[in-house]
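Participant: Okay, here's the structure, questions in a sec.
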Amino acid sequence: MSPVPGSLFRKILFWMHLSCGVVAGLLILLMSATGVLLTYERQMIESAGRANHVAAPAGHGRLDVDSLAEAARAAAPGNDRLSLVIDANPGAPVSVSAGRSTAALLNPYTGEVIEDAATGTRGFMSTMRSWHRWMGGDSNSIGAKLIDYSNLLFVFIIISGLYLWLPAVWRWRTVRGVLLFQRRYINAKVRDFNWHHVFGVWMLIPLFLIAVSGAVISFPWASNLVYAAFGEAPPARGGGGGGP
């Protein structure tokens with residue numbers, strides 16, 4: 001059987017490198033984007049909730065607590081235990097809570113029910129939380145397994161990318177073209193190609209350490225290889241008898 005020509009091998013490796021990069025990138029992008037959005041969940045809901053604020057009518061003060069409690073019982077019938085949250089901001093609505101959920105928002109001056117403008121934002125953040133937990137909340141879920149295997153894909157991406165990065169001719173002019181940014185580019189395609197190579201080679205070591213350490217955490221066989229490399233026996237996994 002004749003060996004695969006070098007150009008054909010590089011072409012096959014390039015498409016494998018590209019395909020793995022797209023798949024792993026989409027998974028990690030989903031995990032990262034949902035995590036960033038959840039970080040600012042409170043701020044986003046508060047921003048959307050500013051539309052719930054009302055203007056104080058001239059010559060009228062807020063209703064007393066008894067009147068607000070009566071309006072709360074009418075707005076959330078069937079709930080035996082309700083709590084009122086009255087904000088110091090004179091324009092903020094009164095929040096009627098039934099347990100952990102918000103049952104209604106009341107106008108503090110009239111007792112009328114205010115439609116929550118942040119409902120859509122809350123629903124969106126709830127969806128983001130579900131996706132994020134599906135990807136990483138349960139270690140036995142399909143999403144968590146996909147994240148685990150994306151670490152392995154990244155190891156392959158880094159190794160194959162290093163091979164594809166290697167210049168065909170080792171001259172300073174050639175190496176400089178894939179090691180440093182250029183001052184001028186013929187077109188956007190050449191620019192993107194150069195940027196990919198430069199960022200890839202300078203981030204090679206940290207990305208490799210991140211991907212390999214992630215694989216060690218995700219797969220027992222990978223952690224066993226680390227112990228074997230240092231001549232140690234891997235610890236027993238799982239509990240025995242009545243242990244945890």
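Following the order of the structure tokens, chains are lettered A, B, ..., residues in each are numbered from 1, and ligands are numbered from 1.
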So which residues touch Ala51 in chain A within 10 Å, counting only C-alpha atoms, skipping near sequence neighbours fewer than 5 positions away, as a list in words?
Facilitator: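 What passes the distance filter is Glu46, Ala92, Glu115, Asp116, Ala117 and Ala118 of chain A.
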Participant: Restricting it to all heavy atoms, dump the selection as a CSV table (one decimal), in the first residue's frame.
Facilitator:
chain,number,residue,atom,x,y,z
A,46,GLU,N,-33.0,43.8,37.0
A,46,GLU,CA,-33.3,45.1,37.5
A,46,GLU,C,-33.4,46.2,36.5
A,46,GLU,O,-34.3,47.1,36.6
A,46,GLU,CB,-32.2,45.5,38.5
A,46,GLU,CG,-32.2,44.7,39.8
A,46,GLU,CD,-31.0,45.1,40.7
A,46,GLU,OE1,-30.2,45.9,40.3
A,46,GLU,OE2,-31.0,44.6,41.9
A,92,ALA,N,-40.9,52.8,43.0
A,92,ALA,CA,-40.8,51.3,42.9
A,92,ALA,C,-42.1,50.7,43.3
A,92,ALA,O,-42.8,51.1,44.3
A,92,ALA,CB,-39.6,50.8,43.7
A,115,GLU,N,-48.4,45.1,35.5
A,115,GLU,CA,-47.8,44.0,34.7
A,115,GLU,C,-46.3,44.1,34.7
A,115,GLU,O,-45.7,45.2,34.4
A,115,GLU,CB,-48.4,44.1,33.3
A,115,GLU,CG,-47.9,42.9,32.4
A,115,GLU,CD,-48.6,43.0,31.1
A,115,GLU,OE1,-49.4,43.8,30.8
A,115,GLU,OE2,-48.2,42.1,30.2
A,116,ASP,N,-45.7,43.0,35.1
A,116,ASP,CA,-44.2,43.0,35.3
A,116,ASP,C,-43.5,43.1,33.9
A,116,ASP,O,-43.7,42.2,33.1
A,116,ASP,CB,-43.8,41.7,36.0
A,116,ASP,CG,-42.3,41.7,36.4
A,116,ASP,OD1,-41.7,42.8,36.2
A,116,ASP,OD2,-41.9,40.7,36.9
A,117,ALA,N,-42.8,44.2,33.7
A,117,ALA,CA,-42.1,44.4,32.4
A,117,ALA,C,-40.9,43.5,32.3
A,117,ALA,O,-40.3,43.3,31.3
A,117,ALA,CB,-41.7,45.8,32.3
A,118,ALA,N,-40.4,42.9,33.5
A,118,ALA,CA,-39.2,42.0,33.4
A,118,ALA,C,-39.6,40.5,33.3
A,118,ALA,O,-38.7,39.7,33.4
A,118,ALA,CB,-38.5,42.2,34.7
Participant: Env of range 218-232 of chain A: 9 Å cut, atoms = only C-alpha atoms, seq-sep filter 4 positions within chain, self excluded. Answer as a list in words.
Facilitator: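 The contact residues come out as Lys145, Ile147, Asp148, Tyr149, Asn151, Val212, Ser213, Gly214 and Arg237 of chain A.
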Participant: Got time to write the residues from that selection, N, CA, C and O atoms, as a JSON list (two decimals), in the first residue's frame?
Facilitator:
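Here's the written file out17.json:
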[["chain", "number", "residue", "atom", "x", "y", "z"],
["A", 145, "LYS", "N", -21.16, 15.31, 29.27],
["A", 145, "LYS", "CA", -20.30, 14.40, 28.50],
["A", 145, "LYS", "C", -19.77, 15.10, 27.25],
["A", 145, "LYS", "O", -18.62, 14.89, 26.86],
["A", 147, "ILE", "N", -19.16, 18.29, 26.94],
["A", 147, "ILE", "CA", -18.10, 19.18, 27.39],
["A", 147, "ILE", "C", -16.82, 18.40, 27.65],
["A", 147, "ILE", "O", -15.71, 18.84, 27.32],
["A", 148, "ASP", "N", -16.95, 17.21, 28.26],
["A", 148, "ASP", "CA", -15.78, 16.37, 28.52],
["A", 148, "ASP", "C", -15.06, 16.02, 27.22],
["A", 148, "ASP", "O", -13.83, 16.14, 27.13],
["A", 149, "TYR", "N", -15.82, 15.59, 26.23],
["A", 149, "TYR", "CA", -15.19, 15.19, 24.97],
["A", 149, "TYR", "C", -14.68, 16.39, 24.18],
["A", 149, "TYR", "O", -13.76, 16.24, 23.36],
["A", 151, "ASN", "N", -12.98, 18.68, 25.50],
["A", 151, "ASN", "CA", -11.60, 18.83, 25.98],
["A", 151, "ASN", "C", -10.64, 17.97, 25.15],
["A", 151, "ASN", "O", -9.55, 18.41, 24.78],
["A", 212, "VAL", "N", -5.56, 19.69, 28.51],
["A", 212, "VAL", "CA", -5.09, 18.43, 29.10],
["A", 212, "VAL", "C", -5.58, 18.30, 30.54],
["A", 212, "VAL", "O", -6.02, 17.22, 30.96],
["A", 213, "SER", "N", -5.51, 19.38, 31.31],
["A", 213, "SER", "CA", -5.99, 19.31, 32.70],
["A", 213, "SER", "C", -7.49, 19.04, 32.73],
["A", 213, "SER", "O", -7.98, 18.33, 33.62],
["A", 214, "GLY", "N", -8.23, 19.61, 31.77],
["A", 214, "GLY", "CA", -9.66, 19.32, 31.70],
["A", 214, "GLY", "C", -9.93, 17.86, 31.38],
["A", 214, "GLY", "O", -10.84, 17.25, 31.94],
["A", 237, "ARG", "N", -11.49, 4.58, 43.19],
["A", 237, "ARG", "CA", -12.61, 5.48, 42.94],
["A", 237, "ARG", "C", -13.89, 4.88, 43.52],
["A", 237, "ARG", "O", -14.09, 3.68, 43.50]]
Participant: So which one's closest to Ile12 in chain A, A:Thr127, A:Trp195, A:Leu164, A:Arg81? Using only C-alpha atoms, please.
Facilitator: A:Leu164
Participant: Quick one: DSSP helix (DSSP H, G or I) residues in range 25-93 of chain A, as a count of residues only?
Facilitator: 38
Participant: Pick out the closest residue to Ala211 in chain A from this set: A:Leu38, A:Ile158, A:Ala48, A:Met128. Count only C-alpha atoms.
Facilitator: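 Under the stated criterion, the closest residue is A:Ile158.
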Participant: Hey, what's within 10 Å of Cys20 in chain A if we count only C-alpha atoms and toss same-chain stuff fewer than 2 positions away? As a PyMOL selection string, please?
Facilitator: chain A and resi 14-18+22-26+150+152-154+156-157
Participant: Taking all heavy atoms for each residue, export the selection above as a tab-separated table (two decimals), in the first residue's frame.
Facilitator:
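File produced: out.tsv:
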chain	number	residue	atom	x	y	z
A	14	PHE	N	-6.21	19.10	7.92
A	14	PHE	CA	-6.78	20.45	8.01
A	14	PHE	C	-8.30	20.40	8.21
A	14	PHE	O	-8.85	21.12	9.05
A	14	PHE	CB	-6.45	21.25	6.75
A	14	PHE	CG	-7.24	22.52	6.60
A	14	PHE	CD1	-6.90	23.65	7.33
A	14	PHE	CD2	-8.35	22.58	5.76
A	14	PHE	CE1	-7.64	24.82	7.22
A	14	PHE	CE2	-9.09	23.74	5.64
A	14	PHE	CZ	-8.73	24.87	6.37
A	15	TRP	N	-8.99	19.57	7.43
A	15	TRP	CA	-10.45	19.49	7.55
A	15	TRP	C	-10.86	18.86	8.87
A	15	TRP	O	-11.90	19.23	9.44
A	15	TRP	CB	-11.03	18.74	6.36
A	15	TRP	CG	-11.05	19.58	5.12
A	15	TRP	CD1	-10.26	19.46	4.01
A	15	TRP	CD2	-11.91	20.71	4.89
A	15	TRP	NE1	-10.55	20.43	3.10
A	15	TRP	CE2	-11.57	21.23	3.60
A	15	TRP	CE3	-12.90	21.34	5.61
A	15	TRP	CZ2	-12.21	22.33	3.06
A	15	TRP	CZ3	-13.54	22.44	5.07
A	15	TRP	CH2	-13.19	22.92	3.81
A	16	MET	N	-10.08	17.91	9.37
A	16	MET	CA	-10.36	17.36	10.70
A	16	MET	C	-10.15	18.43	11.77
A	16	MET	O	-10.95	18.56	12.71
A	16	MET	CB	-9.46	16.15	10.96
A	16	MET	CG	-9.74	14.95	10.10
A	16	MET	SD	-8.57	13.60	10.38
A	16	MET	CE	-8.91	13.19	12.08
A	17	HIS	N	-9.08	19.20	11.62
A	17	HIS	CA	-8.78	20.30	12.54
A	17	HIS	C	-9.90	21.33	12.54
A	17	HIS	O	-10.37	21.78	13.61
A	17	HIS	CB	-7.45	20.94	12.12
A	17	HIS	CG	-7.05	22.13	12.92
A	17	HIS	ND1	-6.36	22.03	14.11
A	17	HIS	CD2	-7.23	23.47	12.71
A	17	HIS	CE1	-6.13	23.24	14.59
A	17	HIS	NE2	-6.64	24.13	13.76
A	18	LEU	N	-10.39	21.69	11.37
A	18	LEU	CA	-11.45	22.68	11.24
A	18	LEU	C	-12.77	22.16	11.81
A	18	LEU	O	-13.47	22.86	12.55
A	18	LEU	CB	-11.63	23.06	9.78
A	18	LEU	CG	-12.75	24.07	9.46
A	18	LEU	CD1	-12.49	25.39	10.17
A	18	LEU	CD2	-12.86	24.27	7.95
A	22	VAL	N	-14.84	23.66	15.07
A	22	VAL	CA	-16.21	24.18	15.02
A	22	VAL	C	-17.08	23.51	16.08
A	22	VAL	O	-17.83	24.18	16.81
A	22	VAL	CB	-16.81	23.98	13.61
A	22	VAL	CG1	-18.30	24.31	13.61
A	22	VAL	CG2	-16.07	24.84	12.60
A	23	VAL	N	-16.99	22.18	16.18
A	23	VAL	CA	-17.82	21.44	17.14
A	23	VAL	C	-17.48	21.83	18.57
A	23	VAL	O	-18.35	22.19	19.36
A	23	VAL	CB	-17.65	19.93	16.93
A	23	VAL	CG1	-18.38	19.16	18.03
A	23	VAL	CG2	-18.18	19.50	15.57
A	24	ALA	N	-16.18	21.75	18.91
A	24	ALA	CA	-15.77	22.09	20.28
A	24	ALA	C	-16.03	23.57	20.58
A	24	ALA	O	-16.43	23.92	21.69
A	24	ALA	CB	-14.30	21.76	20.47
A	25	GLY	N	-15.82	24.42	19.58
A	25	GLY	CA	-16.04	25.85	19.79
A	25	GLY	C	-17.49	26.17	20.09
A	25	GLY	O	-17.78	27.01	20.95
A	26	LEU	N	-18.43	25.51	19.39
A	26	LEU	CA	-19.84	25.76	19.64
A	26	LEU	C	-20.25	25.33	21.04
A	26	LEU	O	-21.01	26.03	21.72
A	26	LEU	CB	-20.69	25.03	18.58
A	26	LEU	CG	-20.65	25.59	17.17
A	26	LEU	CD1	-21.43	24.69	16.22
A	26	LEU	CD2	-21.21	27.01	17.13
A	150	SER	N	-15.24	17.56	24.43
A	150	SER	CA	-14.72	18.75	23.76
A	150	SER	C	-13.30	19.06	24.25
A	150	SER	O	-12.50	19.64	23.51
A	150	SER	CB	-15.64	19.95	24.01
A	150	SER	OG	-15.61	20.35	25.36
A	152	LEU	N	-11.07	16.74	24.86
A	152	LEU	CA	-10.24	15.88	24.02
A	152	LEU	C	-10.11	16.44	22.61
A	152	LEU	O	-9.03	16.38	21.99
A	152	LEU	CB	-10.83	14.47	23.97
A	152	LEU	CG	-10.74	13.63	25.25
A	152	LEU	CD1	-11.35	12.25	25.02
A	152	LEU	CD2	-9.31	13.50	25.73
A	153	LEU	N	-11.21	16.98	22.10
A	153	LEU	CA	-11.14	17.59	20.77
A	153	LEU	C	-10.15	18.75	20.75
A	153	LEU	O	-9.42	18.93	19.78
A	153	LEU	CB	-12.53	18.08	20.35
A	153	LEU	CG	-13.58	17.03	20.00
A	153	LEU	CD1	-14.89	17.69	19.61
A	153	LEU	CD2	-13.09	16.14	18.87
A	154	PHE	N	-10.10	19.52	21.84
A	154	PHE	CA	-9.18	20.64	21.90
A	154	PHE	C	-7.73	20.17	21.93
A	154	PHE	O	-6.85	20.81	21.35
A	154	PHE	CB	-9.47	21.52	23.11
A	154	PHE	CG	-9.99	22.88	22.73
A	154	PHE	CD1	-11.36	23.13	22.72
A	154	PHE	CD2	-9.14	23.89	22.37
A	154	PHE	CE1	-11.84	24.37	22.36
A	154	PHE	CE2	-9.61	25.13	22.00
A	154	PHE	CZ	-10.97	25.37	21.99
A	156	PHE	N	-6.64	17.49	20.42
A	156	PHE	CA	-6.35	17.16	19.02
A	156	PHE	C	-6.19	18.42	18.18
A	156	PHE	O	-5.31	18.49	17.30
A	156	PHE	CB	-7.48	16.30	18.45
A	156	PHE	CG	-7.40	16.10	16.96
A	156	PHE	CD1	-6.48	15.21	16.42
A	156	PHE	CD2	-8.21	16.82	16.10
A	156	PHE	CE1	-6.38	15.05	15.04
A	156	PHE	CE2	-8.12	16.65	14.74
A	156	PHE	CZ	-7.21	15.77	14.21
A	157	ILE	N	-7.03	19.43	18.43
A	157	ILE	CA	-6.94	20.69	17.68
A	157	ILE	C	-5.56	21.33	17.86
A	157	ILE	O	-4.95	21.81	16.91
A	157	ILE	CB	-8.05	21.66	18.13
A	157	ILE	CG1	-9.42	21.13	17.68
A	157	ILE	CG2	-7.82	23.06	17.57
A	157	ILE	CD1	-10.58	21.86	18.31
Participant: Pick from A:Ala71, A:Leu209, A:Leu84, A:Val113: nearest to Gly99 in chain A, with only C-alpha atoms counted?
Facilitator: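 Smallest distance to Gly99 in chain A is found for A:Leu84.
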Participant: Show me, as a tab-separated table (two decimals) with C-alpha atoms, in the first residue's frame, the residues that have an atom within 7 Å of Val85 in chain A when counting only C-alpha atoms, minus same-chain residues fewer than 3 positions from it.
Facilitator:
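Writing done, so here's selection31.tsv:
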chain	number	residue	atom	x	y	z
A	94	VAL	CA	-44.69	46.88	45.99
A	95	SER	CA	-43.70	43.26	45.46
A	96	VAL	CA	-46.16	40.62	46.64
Participant: Quick one: distance from CA of Phe199 in chain A to CA of Phe9 in chain A in Å, one decimal?
Facilitator: 23.8 Å
Participant: Might you pull out every residue within 9 Å of Leu179 in chain A, with only C-alpha atoms counted and same-chain residues fewer than 6 positions away left off, and present them as a PyMOL selection string?
Facilitator: chain A and resi 194+197-199+201-202
Participant: Could you save those same residues with C-alpha atoms as a PDB file, in the first residue's frame?
Facilitator:
ATOM      1  CA  ASN A 194      -1.989  35.232   9.652  1.00  0.00           C
ATOM      2  CA  HIS A 197      -1.440  31.340  13.092  1.00  0.00           C
ATOM      3  CA  VAL A 198      -0.001  34.033  15.359  1.00  0.00           C
ATOM      4  CA  PHE A 199      -2.646  33.727  18.065  1.00  0.00           C
ATOM      5  CA  VAL A 201       1.228  29.567  18.300  1.00  0.00           C
ATOM      6  CA  TRP A 202       1.508  32.127  21.127  1.00  0.00           C
TER       7      TRP A 202
END
Participant: Quick one: of A:Gly35, A:Thr102, A:Arg176, A:Val169, who's nearest to His132 in chain A, counting only C-alpha atoms?
Facilitator: A:Gly35
Participant: For each of A:Ser19, A:Met31, A:Gly161, A:Arg73, take the minimum atom-to-atom distance to Gly136 in chain A, counting only C-alpha atoms, then give the residue where this is smallest.
Facilitator: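 Comparing A:Ser19, A:Met31, A:Gly161, A:Arg73 against Gly136 in chain A, the winner is A:Met31.
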Participant: Set the distance at 10 Å and use only C-alpha atoms: which residues neighbour Tyr109 in chain A once local chain neighbours fewer than 3 positions away are removed? I'd like the list as a PDB file with all heavy atoms, in the first residue's frame.
Facilitator:
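Final output, result-v8.pdb:
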ATOM      1  N   VAL A  54     -43.502  53.729  38.851  1.00  0.00           N
ATOM      2  CA  VAL A  54     -44.638  54.617  38.605  1.00  0.00           C
ATOM      3  C   VAL A  54     -44.307  55.998  39.152  1.00  0.00           C
ATOM      4  O   VAL A  54     -43.465  56.165  40.046  1.00  0.00           O
ATOM      5  CB  VAL A  54     -45.917  54.068  39.270  1.00  0.00           C
ATOM      6  CG1 VAL A  54     -46.308  52.735  38.661  1.00  0.00           C
ATOM      7  CG2 VAL A  54     -45.741  53.938  40.777  1.00  0.00           C
ATOM      8  N   ALA A  55     -44.966  56.989  38.615  1.00  0.00           N
ATOM      9  CA  ALA A  55     -44.779  58.360  39.087  1.00  0.00           C
ATOM     10  C   ALA A  55     -45.749  58.637  40.230  1.00  0.00           C
ATOM     11  O   ALA A  55     -46.917  58.225  40.193  1.00  0.00           O
ATOM     12  CB  ALA A  55     -45.020  59.351  37.946  1.00  0.00           C
ATOM     13  N   ALA A  56     -45.263  59.317  41.250  1.00  0.00           N
ATOM     14  CA  ALA A  56     -46.102  59.632  42.407  1.00  0.00           C
ATOM     15  C   ALA A  56     -47.119  60.698  42.027  1.00  0.00           C
ATOM     16  O   ALA A  56     -46.749  61.774  41.537  1.00  0.00           O
ATOM     17  CB  ALA A  56     -45.230  60.120  43.564  1.00  0.00           C
ATOM     18  N   PRO A  57     -48.413  60.431  42.207  1.00  0.00           N
ATOM     19  CA  PRO A  57     -49.434  61.442  41.872  1.00  0.00           C
ATOM     20  C   PRO A  57     -49.343  62.632  42.819  1.00  0.00           C
ATOM     21  O   PRO A  57     -49.007  62.494  43.986  1.00  0.00           O
ATOM     22  CB  PRO A  57     -50.748  60.682  42.039  1.00  0.00           C
ATOM     23  CG  PRO A  57     -50.438  59.564  42.974  1.00  0.00           C
ATOM     24  CD  PRO A  57     -49.016  59.186  42.725  1.00  0.00           C
ATOM     25  N   HIS A  60     -50.795  62.940  46.732  1.00  0.00           N
ATOM     26  CA  HIS A  60     -51.151  61.625  47.254  1.00  0.00           C
ATOM     27  C   HIS A  60     -49.899  60.924  47.782  1.00  0.00           C
ATOM     28  O   HIS A  60     -48.842  60.935  47.124  1.00  0.00           O
ATOM     29  CB  HIS A  60     -51.809  60.751  46.182  1.00  0.00           C
ATOM     30  CG  HIS A  60     -53.174  61.209  45.786  1.00  0.00           C
ATOM     31  ND1 HIS A  60     -53.378  62.269  44.932  1.00  0.00           N
ATOM     32  CD2 HIS A  60     -54.409  60.763  46.159  1.00  0.00           C
ATOM     33  CE1 HIS A  60     -54.677  62.454  44.758  1.00  0.00           C
ATOM     34  NE2 HIS A  60     -55.329  61.558  45.491  1.00  0.00           N
ATOM     35  N   GLY A  61     -50.019  60.320  48.933  1.00  0.00           N
ATOM     36  CA  GLY A  61     -48.936  59.526  49.484  1.00  0.00           C
ATOM     37  C   GLY A  61     -49.175  58.045  49.242  1.00  0.00           C
ATOM     38  O   GLY A  61     -50.206  57.646  48.671  1.00  0.00           O
ATOM     39  N   ARG A  62     -48.263  57.235  49.694  1.00  0.00           N
ATOM     40  CA  ARG A  62     -48.424  55.781  49.540  1.00  0.00           C
ATOM     41  C   ARG A  62     -49.575  55.290  50.420  1.00  0.00           C
ATOM     42  O   ARG A  62     -49.897  55.879  51.447  1.00  0.00           O
ATOM     43  CB  ARG A  62     -47.147  55.058  49.959  1.00  0.00           C
ATOM     44  CG  ARG A  62     -45.941  55.328  49.090  1.00  0.00           C
ATOM     45  CD  ARG A  62     -44.805  54.432  49.532  1.00  0.00           C
ATOM     46  NE  ARG A  62     -43.574  54.719  48.813  1.00  0.00           N
ATOM     47  CZ  ARG A  62     -42.461  54.009  48.954  1.00  0.00           C
ATOM     48  NH1 ARG A  62     -42.416  52.997  49.784  1.00  0.00           N
ATOM     49  NH2 ARG A  62     -41.395  54.329  48.267  1.00  0.00           N
ATOM     50  N   LEU A  63     -50.152  54.188  49.988  1.00  0.00           N
ATOM     51  CA  LEU A  63     -51.172  53.537  50.795  1.00  0.00           C
ATOM     52  C   LEU A  63     -50.530  52.965  52.051  1.00  0.00           C
ATOM     53  O   LEU A  63     -49.345  52.613  52.063  1.00  0.00           O
ATOM     54  CB  LEU A  63     -51.849  52.416  50.001  1.00  0.00           C
ATOM     55  CG  LEU A  63     -52.627  52.831  48.742  1.00  0.00           C
ATOM     56  CD1 LEU A  63     -53.178  51.575  48.042  1.00  0.00           C
ATOM     57  CD2 LEU A  63     -53.773  53.775  49.090  1.00  0.00           C
ATOM     58  N   ASP A  64     -51.325  52.861  53.099  1.00  0.00           N
ATOM     59  CA  ASP A  64     -50.788  52.252  54.327  1.00  0.00           C
ATOM     60  C   ASP A  64     -50.654  50.749  54.130  1.00  0.00           C
ATOM     61  O   ASP A  64     -51.161  50.168  53.167  1.00  0.00           O
ATOM     62  CB  ASP A  64     -51.677  52.576  55.520  1.00  0.00           C
ATOM     63  CG  ASP A  64     -53.136  52.175  55.292  1.00  0.00           C
ATOM     64  OD1 ASP A  64     -53.369  51.019  54.896  1.00  0.00           O
ATOM     65  OD2 ASP A  64     -54.017  53.024  55.482  1.00  0.00           O
ATOM     66  N   LEU A  68     -52.424  48.011  51.467  1.00  0.00           N
ATOM     67  CA  LEU A  68     -51.607  47.243  50.533  1.00  0.00           C
ATOM     68  C   LEU A  68     -51.797  45.740  50.745  1.00  0.00           C
ATOM     69  O   LEU A  68     -51.823  44.965  49.785  1.00  0.00           O
ATOM     70  CB  LEU A  68     -50.133  47.616  50.695  1.00  0.00           C
ATOM     71  CG  LEU A  68     -49.736  49.017  50.206  1.00  0.00           C
ATOM     72  CD1 LEU A  68     -48.292  49.326  50.582  1.00  0.00           C
ATOM     73  CD2 LEU A  68     -49.908  49.121  48.694  1.00  0.00           C
ATOM     74  N   PRO A  90     -39.558  55.791  46.039  1.00  0.00           N
ATOM     75  CA  PRO A  90     -40.998  56.104  45.990  1.00  0.00           C
ATOM     76  C   PRO A  90     -41.686  55.656  44.711  1.00  0.00           C
ATOM     77  O   PRO A  90     -42.902  55.505  44.681  1.00  0.00           O
ATOM     78  CB  PRO A  90     -41.038  57.628  46.140  1.00  0.00           C
ATOM     79  CG  PRO A  90     -39.686  58.097  45.710  1.00  0.00           C
ATOM     80  CD  PRO A  90     -38.736  57.026  46.113  1.00  0.00           C
ATOM     81  N   GLY A  91     -40.946  55.437  43.636  1.00  0.00           N
ATOM     82  CA  GLY A  91     -41.561  55.017  42.387  1.00  0.00           C
ATOM     83  C   GLY A  91     -41.567  53.524  42.177  1.00  0.00           C
ATOM     84  O   GLY A  91     -42.185  53.028  41.228  1.00  0.00           O
ATOM     85  N   PRO A  93     -42.545  49.622  42.575  1.00  0.00           N
ATOM     86  CA  PRO A  93     -43.786  48.937  42.946  1.00  0.00           C
ATOM     87  C   PRO A  93     -43.606  48.111  44.211  1.00  0.00           C
ATOM     88  O   PRO A  93     -42.489  47.780  44.605  1.00  0.00           O
ATOM     89  CB  PRO A  93     -44.062  48.048  41.732  1.00  0.00           C
ATOM     90  CG  PRO A  93     -42.713  47.782  41.156  1.00  0.00           C
ATOM     91  CD  PRO A  93     -41.920  49.032  41.382  1.00  0.00           C
ATOM     92  N   VAL A  94     -44.697  47.764  44.829  1.00  0.00           N
ATOM     93  CA  VAL A  94     -44.688  46.876  45.991  1.00  0.00           C
ATOM     94  C   VAL A  94     -44.738  45.448  45.479  1.00  0.00           C
ATOM     95  O   VAL A  94     -45.626  45.082  44.696  1.00  0.00           O
ATOM     96  CB  VAL A  94     -45.886  47.172  46.913  1.00  0.00           C
ATOM     97  CG1 VAL A  94     -45.920  46.167  48.066  1.00  0.00           C
ATOM     98  CG2 VAL A  94     -45.802  48.593  47.445  1.00  0.00           C
ATOM     99  N   LEU A 106     -47.671  45.699  42.839  1.00  0.00           N
ATOM    100  CA  LEU A 106     -48.750  46.639  43.115  1.00  0.00           C
ATOM    101  C   LEU A 106     -48.262  48.072  42.999  1.00  0.00           C
ATOM    102  O   LEU A 106     -47.118  48.393  43.363  1.00  0.00           O
ATOM    103  CB  LEU A 106     -49.310  46.416  44.528  1.00  0.00           C
ATOM    104  CG  LEU A 106     -49.891  45.034  44.852  1.00  0.00           C
ATOM    105  CD1 LEU A 106     -50.361  45.006  46.301  1.00  0.00           C
ATOM    106  CD2 LEU A 106     -51.027  44.692  43.903  1.00  0.00           C
ATOM    107  N   GLU A 112     -53.295  49.115  42.529  1.00  0.00           N
ATOM    108  CA  GLU A 112     -53.578  48.389  41.292  1.00  0.00           C
ATOM    109  C   GLU A 112     -52.411  47.461  40.929  1.00  0.00           C
ATOM    110  O   GLU A 112     -51.261  47.742  41.252  1.00  0.00           O
ATOM    111  CB  GLU A 112     -53.831  49.373  40.152  1.00  0.00           C
ATOM    112  CG  GLU A 112     -55.057  50.254  40.348  1.00  0.00           C
ATOM    113  CD  GLU A 112     -55.211  51.255  39.215  1.00  0.00           C
ATOM    114  OE1 GLU A 112     -54.254  51.384  38.416  1.00  0.00           O
ATOM    115  OE2 GLU A 112     -56.264  51.912  39.138  1.00  0.00           O
TER     116      GLU A 112
END
Participant: Looking only at the backbone, which of the residues in range 57-226 of chain A does DSSP tag as strand (DSSP E or B), as a ChimeraX atom specification?
Facilitator: /A:83-85,94-98,101-106,113-114
Participant: Excluding Arg129 in chain A and its own-chain neighbours fewer than 5 positions away, which residues fall within 10 Å of it when counting only C-alpha atoms? Please give them as an MDAnalysis selection string.
Facilitator: chainID A and resid 34:35 37:38 41 123:124 134:135 137
